[in-house]
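Structure file model05.pdb (PDB, C-alpha atoms and all ligand atoms) is printed below.
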```
MODEL        1
ATOM      1  CA  MET L   1     106.493 -15.978-139.786
ATOM      2  CA  THR L   2     105.680 -19.614-140.489
ATOM      3  CA  ALA L   3     107.927 -21.749-142.657
ATOM      4  CA  SER L   4     106.854 -22.836-146.103
ATOM      5  CA  ILE L   5     106.583 -26.609-146.188
ATOM      6  CA  ILE L   6     108.617 -28.326-148.886
ATOM      7  CA  ASP L   7     106.451 -31.050-150.403
ATOM      8  CA  GLY L   8     108.750 -33.928-151.367
ATOM      9  CA  LYS L   9     105.936 -35.979-152.857
ATOM     10  CA  LYS L  10     104.984 -33.206-155.290
ATOM     11  CA  ILE L  11     108.591 -32.598-156.386
ATOM     12  CA  ALA L  12     109.183 -36.352-156.711
ATOM     13  CA  GLN L  13     106.143 -36.683-158.975
ATOM     14  CA  HIS L  14     107.356 -33.831-161.153
ATOM     15  CA  ILE L  15     110.810 -35.407-161.611
ATOM     16  CA  GLN L  16     109.323 -38.885-162.142
ATOM     17  CA  SER L  17     107.182 -37.611-165.005
ATOM     18  CA  THR L  18     110.325 -36.198-166.676
ATOM     19  CA  THR L  19     112.057 -39.561-166.137
ATOM     20  CA  ALA L  20     109.040 -41.376-167.639
ATOM     21  CA  GLU L  21     109.529 -39.228-170.771
ATOM     22  CA  ARG L  22     113.204 -40.228-170.903
ATOM     23  CA  VAL L  23     112.198 -43.891-170.564
ATOM     24  CA  SER L  24     109.751 -43.683-173.463
ATOM     25  CA  GLN L  25     112.376 -41.970-175.650
ATOM     26  CA  LEU L  26     114.843 -44.759-174.821
ATOM     27  CA  LYS L  27     112.215 -47.368-175.686
ATOM     28  CA  GLU L  28     111.751 -45.736-179.090
ATOM     29  CA  LYS L  29     115.465 -46.351-179.619
ATOM     30  CA  GLY L  30     115.105 -50.006-178.611
ATOM     31  CA  ILE L  31     116.357 -49.749-175.032
ATOM     32  CA  THR L  32     114.242 -50.473-171.955
ATOM     33  CA  PRO L  33     116.108 -49.223-168.879
ATOM     34  CA  GLY L  34     116.446 -52.061-166.361
ATOM     35  CA  LEU L  35     117.091 -51.924-162.619
ATOM     36  CA  ALA L  36     118.128 -54.965-160.559
ATOM     37  CA  VAL L  37     117.598 -54.781-156.801
ATOM     38  CA  ILE L  38     119.197 -57.366-154.510
ATOM     39  CA  LEU L  39     117.629 -57.895-151.109
ATOM     40  CA  VAL L  40     119.501 -60.099-148.633
ATOM     41  CA  GLY L  41     117.603 -61.351-145.594
ATOM     42  CA  ASN L  42     114.371 -60.327-144.004
ATOM     43  CA  ASN L  43     114.743 -56.757-142.733
ATOM     44  CA  GLN L  44     111.169 -55.474-142.814
ATOM     45  CA  ALA L  45     112.020 -51.839-143.570
ATOM     46  CA  SER L  46     114.328 -52.920-146.428
ATOM     47  CA  ARG L  47     111.536 -55.092-147.812
ATOM     48  CA  THR L  48     109.217 -52.064-147.838
ATOM     49  CA  TYR L  49     111.772 -49.839-149.597
ATOM     50  CA  VAL L  50     112.505 -52.523-152.209
ATOM     51  CA  SER L  51     108.832 -52.948-152.936
ATOM     52  CA  MET L  52     108.463 -49.132-153.276
ATOM     53  CA  LYS L  53     111.356 -49.163-155.774
ATOM     54  CA  ARG L  54     109.724 -51.892-157.872
ATOM     55  CA  LYS L  55     106.381 -50.076-157.954
ATOM     56  CA  ALA L  56     108.079 -46.823-158.963
ATOM     57  CA  CYS L  57     109.895 -48.606-161.838
ATOM     58  CA  GLU L  58     106.641 -50.130-163.021
ATOM     59  CA  LYS L  59     104.870 -46.745-162.909
ATOM     60  CA  ILE L  60     107.333 -45.114-165.303
ATOM     61  CA  GLY L  61     107.703 -48.112-167.639
ATOM     62  CA  MET L  62     111.112 -49.263-166.437
ATOM     63  CA  HIS L  63     112.087 -52.940-166.311
ATOM     64  CA  SER L  64     112.889 -54.144-162.784
ATOM     65  CA  VAL L  65     114.203 -57.387-161.333
ATOM     66  CA  LEU L  66     114.152 -58.312-157.661
ATOM     67  CA  ILE L  67     116.669 -60.887-156.440
ATOM     68  CA  GLU L  68     115.908 -62.153-152.952
ATOM     69  CA  LEU L  69     118.686 -63.969-151.114
ATOM     70  CA  ALA L  70     118.552 -65.785-147.786
ATOM     71  CA  ASP L  71     119.775 -64.197-144.546
ATOM     72  CA  ASP L  72     122.748 -66.634-144.403
ATOM     73  CA  THR L  73     123.988 -65.841-147.927
ATOM     74  CA  THR L  74     127.800 -65.666-148.038
ATOM     75  CA  GLU L  75     129.794 -62.713-149.317
ATOM     76  CA  GLU L  76     131.044 -64.885-152.192
ATOM     77  CA  GLY L  77     127.465 -65.902-153.099
ATOM     78  CA  LEU L  78     126.387 -62.277-153.230
ATOM     79  CA  ILE L  79     129.412 -61.217-155.288
ATOM     80  CA  ASN L  80     128.655 -64.013-157.788
ATOM     81  CA  LYS L  81     125.138 -62.634-158.182
ATOM     82  CA  VAL L  82     126.446 -59.090-158.670
ATOM     83  CA  ASN L  83     128.916 -60.372-161.305
ATOM     84  CA  GLU L  84     126.078 -62.011-163.256
ATOM     85  CA  LEU L  85     124.198 -58.707-163.272
ATOM     86  CA  ASN L  86     127.359 -56.802-164.274
ATOM     87  CA  GLU L  87     127.377 -58.955-167.463
ATOM     88  CA  ASP L  88     123.631 -58.704-168.161
ATOM     89  CA  ASN L  89     122.954 -56.223-171.000
ATOM     90  CA  THR L  90     119.272 -55.804-170.036
ATOM     91  CA  ILE L  91     120.327 -54.368-166.660
ATOM     92  CA  HIS L  92     121.516 -50.746-166.513
ATOM     93  CA  GLY L  93     121.394 -50.248-162.745
ATOM     94  CA  ILE L  94     122.343 -52.565-159.875
ATOM     95  CA  LEU L  95     121.433 -51.834-156.286
ATOM     96  CA  VAL L  96     122.173 -53.910-153.192
ATOM     97  CA  GLN L  97     119.740 -52.859-150.476
ATOM     98  CA  LEU L  98     121.496 -51.770-147.265
ATOM     99  CA  PRO L  99     122.022 -52.710-144.481
ATOM    100  CA  LEU L 100     123.440 -56.183-145.174
ATOM    101  CA  PRO L 101     123.647 -59.081-142.685
ATOM    102  CA  SER L 102     126.782 -58.962-140.503
ATOM    103  CA  GLN L 103     128.666 -61.817-142.271
ATOM    104  CA  ILE L 104     128.878 -59.672-145.442
ATOM    105  CA  ASP L 105     131.297 -56.769-145.806
ATOM    106  CA  GLU L 106     129.380 -53.853-147.360
ATOM    107  CA  ILE L 107     132.534 -52.316-148.864
ATOM    108  CA  ASN L 108     133.488 -55.509-150.741
ATOM    109  CA  ILE L 109     129.989 -55.751-152.200
ATOM    110  CA  ILE L 110     129.836 -52.119-153.296
ATOM    111  CA  GLU L 111     133.256 -52.491-154.942
ATOM    112  CA  SER L 112     132.063 -55.558-156.890
ATOM    113  CA  ILE L 113     129.373 -53.549-158.722
ATOM    114  CA  ASP L 114     130.341 -52.258-162.185
ATOM    115  CA  PRO L 115     130.740 -48.469-161.588
ATOM    116  CA  ASN L 116     128.800 -47.870-164.841
ATOM    117  CA  LYS L 117     125.795 -49.644-163.275
ATOM    118  CA  ASP L 118     126.242 -48.290-159.735
ATOM    119  CA  VAL L 119     123.046 -46.203-159.677
ATOM    120  CA  ASP L 120     123.361 -45.799-155.889
ATOM    121  CA  GLY L 121     126.604 -43.856-156.476
ATOM    122  CA  PHE L 122     128.383 -45.711-153.650
ATOM    123  CA  HIS L 123     131.309 -47.247-155.619
ATOM    124  CA  PRO L 124     134.682 -45.558-154.865
ATOM    125  CA  ILE L 125     134.986 -44.591-158.566
ATOM    126  CA  ASN L 126     131.722 -42.644-158.401
ATOM    127  CA  VAL L 127     132.563 -41.230-154.952
ATOM    128  CA  GLY L 128     135.961 -40.101-156.289
ATOM    129  CA  ARG L 129     134.445 -38.553-159.418
ATOM    130  CA  LEU L 130     131.936 -36.652-157.318
ATOM    131  CA  MET L 131     134.907 -35.088-155.519
ATOM    132  CA  THR L 132     137.115 -34.469-158.548
ATOM    133  CA  GLY L 133     134.516 -33.779-161.268
ATOM    134  CA  GLY L 134     133.702 -35.946-164.291
ATOM    135  CA  GLU L 135     130.861 -38.314-165.118
ATOM    136  CA  ALA L 136     129.505 -39.903-161.932
ATOM    137  CA  PHE L 137     126.343 -41.258-160.402
ATOM    138  CA  TYR L 138     125.454 -39.250-157.303
ATOM    139  CA  PRO L 139     123.997 -40.962-154.189
ATOM    140  CA  CYS L 140     120.216 -40.697-154.474
ATOM    141  CA  THR L 141     119.296 -39.016-151.167
ATOM    142  CA  PRO L 142     121.722 -36.057-151.322
ATOM    143  CA  TYR L 143     121.146 -35.765-155.087
ATOM    144  CA  GLY L 144     117.403 -35.588-154.378
ATOM    145  CA  ILE L 145     117.956 -32.870-151.777
ATOM    146  CA  ILE L 146     119.869 -30.723-154.284
ATOM    147  CA  GLU L 147     117.051 -31.178-156.829
ATOM    148  CA  MET L 148     114.509 -30.278-154.148
ATOM    149  CA  LEU L 149     116.357 -27.074-153.234
ATOM    150  CA  LYS L 150     116.638 -26.126-156.915
ATOM    151  CA  TYR L 151     112.924 -26.793-157.477
ATOM    152  CA  GLU L 152     112.139 -24.509-154.530
ATOM    153  CA  GLN L 153     114.572 -21.922-155.945
ATOM    154  CA  VAL L 154     116.643 -21.855-152.775
ATOM    155  CA  GLU L 155     119.823 -19.914-153.566
ATOM    156  CA  LEU L 156     122.880 -22.025-152.743
ATOM    157  CA  ARG L 157     125.712 -19.928-154.133
ATOM    158  CA  GLY L 158     127.581 -18.205-151.303
ATOM    159  CA  LYS L 159     125.170 -19.558-148.676
ATOM    160  CA  HIS L 160     126.335 -21.295-145.534
ATOM    161  CA  ALA L 161     125.120 -24.903-145.390
ATOM    162  CA  VAL L 162     125.644 -26.957-142.241
ATOM    163  CA  VAL L 163     125.450 -30.732-142.771
ATOM    164  CA  VAL L 164     124.787 -32.605-139.529
ATOM    165  CA  GLY L 165     125.867 -36.196-140.204
ATOM    166  CA  ARG L 166     128.855 -37.875-141.842
ATOM    167  CA  SER L 167     127.554 -41.128-143.337
ATOM    168  CA  ASN L 168     128.824 -42.346-146.716
ATOM    169  CA  ILE L 169     125.236 -42.504-148.028
ATOM    170  CA  VAL L 170     124.077 -39.000-147.074
ATOM    171  CA  GLY L 171     126.298 -36.675-145.005
ATOM    172  CA  LYS L 172     129.637 -36.873-146.818
ATOM    173  CA  PRO L 173     128.287 -36.734-150.412
ATOM    174  CA  MET L 174     125.781 -34.034-149.357
ATOM    175  CA  GLY L 175     128.637 -31.688-148.483
ATOM    176  CA  GLN L 176     130.360 -32.375-151.824
ATOM    177  CA  LEU L 177     127.181 -31.692-153.812
ATOM    178  CA  LEU L 178     126.610 -28.431-151.931
ATOM    179  CA  LEU L 179     130.206 -27.394-152.654
ATOM    180  CA  LYS L 180     129.563 -28.016-156.349
ATOM    181  CA  GLU L 181     126.717 -25.486-156.063
ATOM    182  CA  ASP L 182     129.112 -22.932-154.548
ATOM    183  CA  ALA L 183     127.738 -23.154-151.011
ATOM    184  CA  THR L 184     130.091 -22.788-148.043
ATOM    185  CA  VAL L 185     129.904 -26.078-146.176
ATOM    186  CA  THR L 186     130.399 -26.986-142.518
ATOM    187  CA  TYR L 187     130.203 -30.620-141.403
ATOM    188  CA  CYS L 188     128.923 -31.421-137.908
ATOM    189  CA  HIS L 189     128.083 -34.815-136.415
ATOM    190  CA  SER L 190     126.980 -36.615-133.265
ATOM    191  CA  ARG L 191     130.284 -35.752-131.499
ATOM    192  CA  THR L 192     130.360 -32.066-132.441
ATOM    193  CA  ALA L 193     130.804 -29.865-129.368
ATOM    194  CA  ASP L 194     128.222 -27.062-129.103
ATOM    195  CA  LEU L 195     126.230 -28.115-132.165
ATOM    196  CA  ALA L 196     123.871 -25.122-131.819
ATOM    197  CA  TYR L 197     126.810 -22.691-132.171
ATOM    198  CA  HIS L 198     127.399 -24.059-135.694
ATOM    199  CA  THR L 199     123.811 -24.652-136.827
ATOM    200  CA  LYS L 200     122.723 -21.140-135.737
ATOM    201  CA  GLN L 201     125.044 -19.726-138.381
ATOM    202  CA  ALA L 202     123.496 -21.794-141.166
ATOM    203  CA  ASP L 203     121.338 -20.512-144.013
ATOM    204  CA  ILE L 204     120.601 -24.156-144.794
ATOM    205  CA  ILE L 205     120.697 -27.087-142.358
ATOM    206  CA  ILE L 206     120.759 -30.704-143.547
ATOM    207  CA  ALA L 207     119.975 -32.937-140.555
ATOM    208  CA  ALA L 208     121.107 -36.518-141.265
ATOM    209  CA  VAL L 209     122.384 -37.940-138.012
ATOM    210  CA  GLY L 210     119.607 -40.328-136.931
ATOM    211  CA  ILE L 211     118.761 -38.694-133.576
ATOM    212  CA  ARG L 212     115.121 -37.843-133.025
ATOM    213  CA  ASN L 213     114.352 -34.143-132.292
ATOM    214  CA  LEU L 214     118.047 -33.224-132.245
ATOM    215  CA  ILE L 215     117.441 -29.917-134.031
ATOM    216  CA  THR L 216     115.123 -27.537-132.179
ATOM    217  CA  ALA L 217     114.226 -23.856-132.636
ATOM    218  CA  ASP L 218     117.230 -23.027-130.407
ATOM    219  CA  HIS L 219     119.530 -24.518-133.073
ATOM    220  CA  ILE L 220     118.371 -22.408-136.013
ATOM    221  CA  LYS L 221     118.417 -18.790-137.121
ATOM    222  CA  ASP L 222     115.304 -16.981-138.359
ATOM    223  CA  GLY L 223     114.424 -17.918-141.934
ATOM    224  CA  ALA L 224     116.830 -20.867-142.237
ATOM    225  CA  VAL L 225     115.964 -23.662-144.677
ATOM    226  CA  ILE L 226     115.746 -26.972-142.786
ATOM    227  CA  ILE L 227     116.077 -30.310-144.589
ATOM    228  CA  ASP L 228     115.330 -33.339-142.426
ATOM    229  CA  VAL L 229     116.807 -36.666-143.561
ATOM    230  CA  GLY L 230     116.143 -38.495-140.274
ATOM    231  CA  MET L 231     114.188 -41.772-140.289
ATOM    232  CA  ASN L 232     113.491 -42.419-136.593
ATOM    233  CA  ARG L 233     110.510 -43.805-134.696
ATOM    234  CA  ASP L 234     108.712 -41.950-131.894
ATOM    235  CA  ASP L 235     107.300 -43.606-128.727
ATOM    236  CA  GLU L 236     104.178 -44.700-130.637
ATOM    237  CA  GLY L 237     106.281 -46.180-133.460
ATOM    238  CA  LYS L 238     105.457 -43.340-135.851
ATOM    239  CA  LEU L 239     108.123 -42.242-138.355
ATOM    240  CA  CYS L 240     109.849 -38.964-137.374
ATOM    241  CA  GLY L 241     112.969 -37.067-138.350
ATOM    242  CA  ASP L 242     115.987 -35.472-136.661
ATOM    243  CA  VAL L 243     114.224 -32.104-136.490
ATOM    244  CA  ASP L 244     111.626 -31.065-133.916
ATOM    245  CA  TYR L 245     109.259 -30.059-136.711
ATOM    246  CA  GLN L 246     106.513 -28.283-134.728
ATOM    247  CA  ASN L 247     109.077 -26.390-132.671
ATOM    248  CA  CYS L 248     111.045 -25.201-135.732
ATOM    249  CA  LEU L 249     108.040 -24.406-137.962
ATOM    250  CA  PRO L 250     107.442 -20.822-136.705
ATOM    251  CA  LYS L 251     111.114 -19.851-137.007
ATOM    252  CA  ALA L 252     112.312 -21.570-140.215
ATOM    253  CA  GLY L 253     112.003 -20.092-143.710
ATOM    254  CA  ALA L 254     111.257 -23.484-145.257
ATOM    255  CA  ILE L 255     111.208 -27.008-143.846
ATOM    256  CA  THR L 256     110.745 -30.603-145.025
ATOM    257  CA  PRO L 257     108.344 -32.886-143.136
ATOM    258  CA  VAL L 258     108.987 -36.550-142.245
ATOM    259  CA  PRO L 259     107.379 -38.481-143.877
ATOM    260  CA  GLY L 260     106.709 -36.787-147.212
ATOM    261  CA  GLY L 261     109.889 -34.724-147.472
ATOM    262  CA  VAL L 262     113.266 -36.126-148.480
ATOM    263  CA  GLY L 263     112.182 -39.821-148.489
ATOM    264  CA  PRO L 264     110.256 -39.787-151.800
ATOM    265  CA  MET L 265     113.215 -38.070-153.498
ATOM    266  CA  THR L 266     115.543 -41.037-152.828
ATOM    267  CA  ILE L 267     113.608 -43.451-155.042
ATOM    268  CA  THR L 268     112.946 -40.724-157.604
ATOM    269  CA  MET L 269     116.665 -40.068-158.122
ATOM    270  CA  LEU L 270     117.323 -43.814-158.309
ATOM    271  CA  LEU L 271     114.998 -43.915-161.328
ATOM    272  CA  ALA L 272     116.715 -40.852-162.812
ATOM    273  CA  ASN L 273     120.155 -42.465-162.353
ATOM    274  CA  THR L 274     118.956 -45.689-164.013
ATOM    275  CA  ALA L 275     117.597 -43.731-167.003
ATOM    276  CA  GLU L 276     120.923 -41.872-167.144
ATOM    277  CA  SER L 277     122.826 -45.174-167.139
ATOM    278  CA  ALA L 278     120.725 -46.477-170.057
ATOM    279  CA  GLU L 279     121.243 -43.190-171.958
ATOM    280  CA  ARG L 280     124.998 -43.529-171.490
ATOM    281  CA  THR L 281     124.969 -46.943-173.211
ATOM    282  CA  LEU L 282     123.583 -45.176-176.311
ATOM    283  CA  THR L 283     126.440 -42.673-176.232
ATOM    284  CA  ARG L 284     128.971 -45.480-175.785
ATOM    285  CA  LYS L 285     127.422 -47.329-178.781
ATOM    286  CA  THR L 286     127.660 -44.290-181.071
ATOM    287  CA  GLN L 287     131.266 -43.715-179.963
ATOM    288  CA  SER L 288     132.434 -47.266-180.753
TER     289      SER L 288
HETATM  290  N1  LIG S 301     121.233 -49.446-151.434
HETATM  291  C1  LIG S 301     120.609 -48.521-150.665
HETATM  292  N2  LIG S 301     120.196 -48.833-149.435
HETATM  293  C2  LIG S 301     119.575 -47.859-148.691
HETATM  294  C3  LIG S 301     119.347 -46.555-149.205
HETATM  295  C4  LIG S 301     119.819 -46.273-150.504
HETATM  296  O1  LIG S 301     119.704 -45.115-151.026
HETATM  297  N3  LIG S 301     120.442 -47.271-151.211
HETATM  298  N4  LIG S 301     118.611 -45.624-148.462
HETATM  299  C5  LIG S 301     117.877 -46.041-147.293
HETATM  300  C6  LIG S 301     116.492 -46.578-147.506
HETATM  301  N5  LIG S 301     115.736 -46.066-148.677
HETATM  302  C7  LIG S 301     116.049 -46.580-149.884
HETATM  303  O2  LIG S 301     116.635 -47.596-150.065
HETATM  304  C8  LIG S 301     114.579 -45.253-148.521
HETATM  305  C9  LIG S 301     114.189 -44.734-147.308
HETATM  306  C10 LIG S 301     113.006 -44.000-147.189
HETATM  307  C11 LIG S 301     112.201 -43.769-148.290
HETATM  308  C12 LIG S 301     110.887 -43.053-148.202
HETATM  309  O3  LIG S 301     110.286 -42.770-149.216
HETATM  310  N6  LIG S 301     110.370 -42.767-146.990
HETATM  311  C13 LIG S 301     109.045 -42.222-146.821
HETATM  312  C14 LIG S 301     108.349 -42.965-145.700
HETATM  313  C15 LIG S 301     108.181 -44.428-145.977
HETATM  314  C16 LIG S 301     107.553 -45.162-144.790
HETATM  315  O4  LIG S 301     106.425 -44.838-144.453
HETATM  316  O5  LIG S 301     108.232 -46.044-144.233
HETATM  317  C17 LIG S 301     109.095 -40.738-146.475
HETATM  318  O6  LIG S 301     110.073 -40.284-145.858
HETATM  319  O7  LIG S 301     108.143 -40.061-146.802
HETATM  320  C18 LIG S 301     112.590 -44.270-149.501
HETATM  321  C19 LIG S 301     113.766 -45.001-149.617
HETATM  322  C20 LIG S 301     118.652 -47.137-146.554
HETATM  323  N7  LIG S 301     119.121 -48.163-147.444
ENDMDL
END
```
Written as structure tokens, how would this file's structure read?
Amino acid sequence: MTASIIDGKKIAQHIQSTTAERVSQLKEKGITPGLAVILVGNNQASRTYVSMKRKACEKIGMHSVLIELADDTTEEGLINKVNELNEDNTIHGILVQLPLPSQIDEINIIESIDPNKDVDGFHPINVGRLMTGGEAFYPCTPYGIIEMLKYEQVELRGKHAVVVGRSNIVGKPMGQLLLKEDATVTYCHSRTADLAYHTKQADIIIAAVGIRNLITADHIKDGAVIIDVGMNRDDEGKLCGDVDYQNCLPKAGAITPVPGGVGPMTITMLLANTAESAERTLTRKTQS
């Protein structure tokens, strides 16, 4: 058996065309969804991701603003900028590209964003609502993974999902989203003893720990669905995931490649969240 390869680019395109429809319907009602992205400093990877976000907005007719701030920007300076955007009615989504320079506390910045514009889903209000239910923005990468699994008609109800990784951006919210789909969830991480013991029991593995080739064929059971969130570099500087792809391919039921798997879904769900935020302003208007 060889795994079926889950094509993130194809699924991303499908969802983006639905989002483009939502954007044109909003425009007919006089609202152009707007996303503001703040980039602090000169991290080259962040610069690439920000530019990908702007291009994606442009492609589906969304308004986007890029605010570039110097590497030595203070926390107060950045919060002032976020506050301006919180008050700007043309902006429905605010995103501060991570990581931030060391003089700035990430938590303080995330908490300064209006939760109604927090299209990254990182604000404690949105994190809390994800756990307790209610209207929330979900973090884009795990949200994209759920949409990917649904598109591929992977049954989640009653299945055992093992999440390897416990970051606030991916691992923790991933487990919550899987629980919402009635999966049974186990969290593992870089300090888990006998990782293979846990992952071998999984119907679905989400690898999001940032260690190249951590998951091999010896870590998986026959037919398991393997989702690779890793963004590592190999010895030649080529992008690679947390999963030994070639090694797992013959044993897995389905697998995502890196690049071209989960990555494209992150930006796609950011667009979907921004459209959602603009749609919510319409509901709020009709309610008041
Ligand atoms: N505020 C945020 N910061 C960061 C987030 C985030 O969701 N919000 N996530 C990551 C970076 N990221 C988006 O910001 C991101 C990473 C990767 C991709 C992607 O499409 N990857 C491609 C490969 C691209 C390449 O060749 O370099 C793929 O996997 O196919 C999109 C977005 C950290 N910061």
Problem - L:Asp244 surroundings by all atoms listed in the file, 9 Å radius, close-in-sequence under 6 positions cut, as an MDAnalysis selection string - result: chainID L and resid 212:217
Residues selected by the PyMOL selection byres (((chain L and resi 257-269) around 8) and not hetatm), written as a CSV table (one decimal) with C-alpha atoms, keeping the file's coordinate frame:
```csv
chain,number,residue,atom,x,y,z
L,5,ILE,CA,106.6,-26.6,-146.2
L,6,ILE,CA,108.6,-28.3,-148.9
L,7,ASP,CA,106.5,-31.0,-150.4
L,8,GLY,CA,108.8,-33.9,-151.4
L,9,LYS,CA,105.9,-36.0,-152.9
L,11,ILE,CA,108.6,-32.6,-156.4
L,12,ALA,CA,109.2,-36.4,-156.7
L,15,ILE,CA,110.8,-35.4,-161.6
L,16,GLN,CA,109.3,-38.9,-162.1
L,52,MET,CA,108.5,-49.1,-153.3
L,53,LYS,CA,111.4,-49.2,-155.8
L,56,ALA,CA,108.1,-46.8,-159.0
L,140,CYS,CA,120.2,-40.7,-154.5
L,141,THR,CA,119.3,-39.0,-151.2
L,143,TYR,CA,121.1,-35.8,-155.1
L,144,GLY,CA,117.4,-35.6,-154.4
L,145,ILE,CA,118.0,-32.9,-151.8
L,148,MET,CA,114.5,-30.3,-154.1
L,227,ILE,CA,116.1,-30.3,-144.6
L,228,ASP,CA,115.3,-33.3,-142.4
L,229,VAL,CA,116.8,-36.7,-143.6
L,230,GLY,CA,116.1,-38.5,-140.3
L,231,MET,CA,114.2,-41.8,-140.3
L,239,LEU,CA,108.1,-42.2,-138.4
L,240,CYS,CA,109.8,-39.0,-137.4
L,241,GLY,CA,113.0,-37.1,-138.4
L,245,TYR,CA,109.3,-30.1,-136.7
L,255,ILE,CA,111.2,-27.0,-143.8
L,256,THR,CA,110.7,-30.6,-145.0
L,270,LEU,CA,117.3,-43.8,-158.3
L,271,LEU,CA,115.0,-43.9,-161.3
L,272,ALA,CA,116.7,-40.9,-162.8
L,273,ASN,CA,120.2,-42.5,-162.4
```
Practice task
For L:Ser167, list every protein, DNA or RNA residue within 12 Å, evaluated using only C-alpha atoms, and leave out those in the same chain fewer than 5 positions away; present the list as a ChimeraX atom specification.
Solution key: /L:122,139,141-142,172-175,187-190,207-210,229
Exercise for the section: Give me, please, the distance in Å between atom CA of L:Glu76 and atom C9 of ligand LIG 301 (chain S), quoted to one decimal. Expected result: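 That distance, rounded to one decimal, is 26.7 Å.
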Exercise for the section: Would you translate the PyMOL selection byres (((chain L and resi 42) around 10) and not hetatm) into the concrete set of residues it matches in this file, as a PyMOL selection string? Expected result: chain L and resi 39-41+43-47+68-71+101
Exercise for the section: Excluding L:Ile110 and residues on its chain fewer than 2 positions from it, collect all residues at most 12 Å away from it, counting all atoms listed in the file, and give them as a ChimeraX atom specification. Expected result: /L:38,75,78-79,82-83,94-100,104-108,112-115,117-127,168-169
Edge lengths and centre, in Å to one decimal, as JSON: that's what I need for the box along x, y and z that holds all listed atoms of ligand LIG 301 (chain S) plus 8 Å on each side.
```
{"center_x": 113.8, "center_y": -44.8, "center_z": -147.8, "size_x": 30.8, "size_y": 25.4, "size_z": 23.2}
```
Exercise for the section: Skip L:Ile226 itself and residues of its chain fewer than 3 positions away, then list as a PyMOL selection string all residues within 9 Å of it, counting all atoms listed in the file. Expected result: chain L and resi 203-207+220+243+248+252-256
Exercise for the section: For atom CA of L:Thr192 and atom CA of L:Gln176, determine how far apart the two atoms are, in Å to one decimal place. Expected result: 19.4 Å
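Restricting the calculation to all atoms listed in the file, the smallest distance between L:Asp222 and any of L:Ile67, L:Leu249, L:Leu178, L:Val23 is found for L:Leu249.
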Exercise for the section: Name the residues that the PyMOL selection byres (((chain L and resi 155-157) around 12) and not hetatm) pulls out of this structure, and write them as a PyMOL selection string. Expected result: chain L and resi 145-154+158-162+177-185+202-205+224-225
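Rounded to one decimal, atom CA of L:Leu26 and atom CA of L:Lys55 lie 19.6 Å from each other.
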Handout entry: Residue nearest L:Ile60 among L:Glu87, L:Glu21, L:Glu279, L:Asp242 (counting only C-alpha atoms)
Key =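 Answer, going by the shortest atom-to-atom distance: L:Glu21.
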Practice task
Compare L:Ser64, L:Gln287, L:Thr18, L:Ser51 by their minimum atom-to-atom distance to ligand LIG 301 (chain S), counting all atoms listed in the file, and give me the closest one.
Solution key: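 Checking each of L:Ser64, L:Gln287, L:Thr18, L:Ser51 against ligand LIG 301 (chain S), counting all atoms listed in the file, the winner is L:Ser51.
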Handout entry: Proximity to ligand LIG 301 (chain S) - best of L:Arg191, L:Arg22, L:Lys10, L:Lys27, only C-alpha atoms and all ligand atoms
Key =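 Comparing L:Arg191, L:Arg22, L:Lys10, L:Lys27 against ligand LIG 301 (chain S), the winner is L:Lys10.
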Problem - For L:Arg54: contacts at 10 Å, all atoms listed in the file, fewer than 4 positions along chain excluded, given as number ranges by chain - result: L: 35-37, 49-50, 58-59, 62-66, 267
Problem - Which residue of L:Ile109, L:Lys285, L:Arg233, L:Pro250 approaches L:Asn80 most closely, using only C-alpha atoms - result: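 Residue with the minimum atom-to-atom distance to L:Asn80: L:Ile109.
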Completion exercise
Closest of L:Ser17, L:Thr48, L:Thr2, L:Thr32 to ligand LIG 301 (chain S), counting only C-alpha atoms and all ligand atoms, is L:Thr48
Taking N, CA and C atoms as the atom set, what does stretch 139-147 of chain L look like once completed, written as a PDB file, keeping the file's coordinate frame?
```
ATOM      1  N   PRO L 139     124.886 -40.250-155.120  1.00  0.00           N
ATOM      2  CA  PRO L 139     123.997 -40.962-154.189  1.00  0.00           C
ATOM      3  C   PRO L 139     122.602 -40.314-154.153  1.00  0.00           C
ATOM      4  N   CYS L 140     121.586 -41.166-154.180  1.00  0.00           N
ATOM      5  CA  CYS L 140     120.216 -40.697-154.474  1.00  0.00           C
ATOM      6  C   CYS L 140     119.653 -39.704-153.452  1.00  0.00           C
ATOM      7  N   THR L 141     119.919 -39.915-152.158  1.00  0.00           N
ATOM      8  CA  THR L 141     119.296 -39.016-151.167  1.00  0.00           C
ATOM      9  C   THR L 141     119.878 -37.600-151.259  1.00  0.00           C
ATOM     10  N   PRO L 142     121.210 -37.426-151.191  1.00  0.00           N
ATOM     11  CA  PRO L 142     121.722 -36.057-151.322  1.00  0.00           C
ATOM     12  C   PRO L 142     121.441 -35.443-152.698  1.00  0.00           C
ATOM     13  N   TYR L 143     121.470 -36.263-153.738  1.00  0.00           N
ATOM     14  CA  TYR L 143     121.146 -35.765-155.087  1.00  0.00           C
ATOM     15  C   TYR L 143     119.698 -35.248-155.087  1.00  0.00           C
ATOM     16  N   GLY L 144     118.817 -36.004-154.470  1.00  0.00           N
ATOM     17  CA  GLY L 144     117.403 -35.588-154.378  1.00  0.00           C
ATOM     18  C   GLY L 144     117.240 -34.289-153.603  1.00  0.00           C
ATOM     19  N   ILE L 145     118.050 -34.105-152.580  1.00  0.00           N
ATOM     20  CA  ILE L 145     117.956 -32.870-151.777  1.00  0.00           C
ATOM     21  C   ILE L 145     118.371 -31.662-152.621  1.00  0.00           C
ATOM     22  N   ILE L 146     119.435 -31.831-153.413  1.00  0.00           N
ATOM     23  CA  ILE L 146     119.869 -30.723-154.284  1.00  0.00           C
ATOM     24  C   ILE L 146     118.745 -30.388-155.280  1.00  0.00           C
ATOM     25  N   GLU L 147     118.135 -31.416-155.861  1.00  0.00           N
ATOM     26  CA  GLU L 147     117.051 -31.178-156.829  1.00  0.00           C
ATOM     27  C   GLU L 147     115.858 -30.489-156.159  1.00  0.00           C
TER      28      GLU L 147
END
```
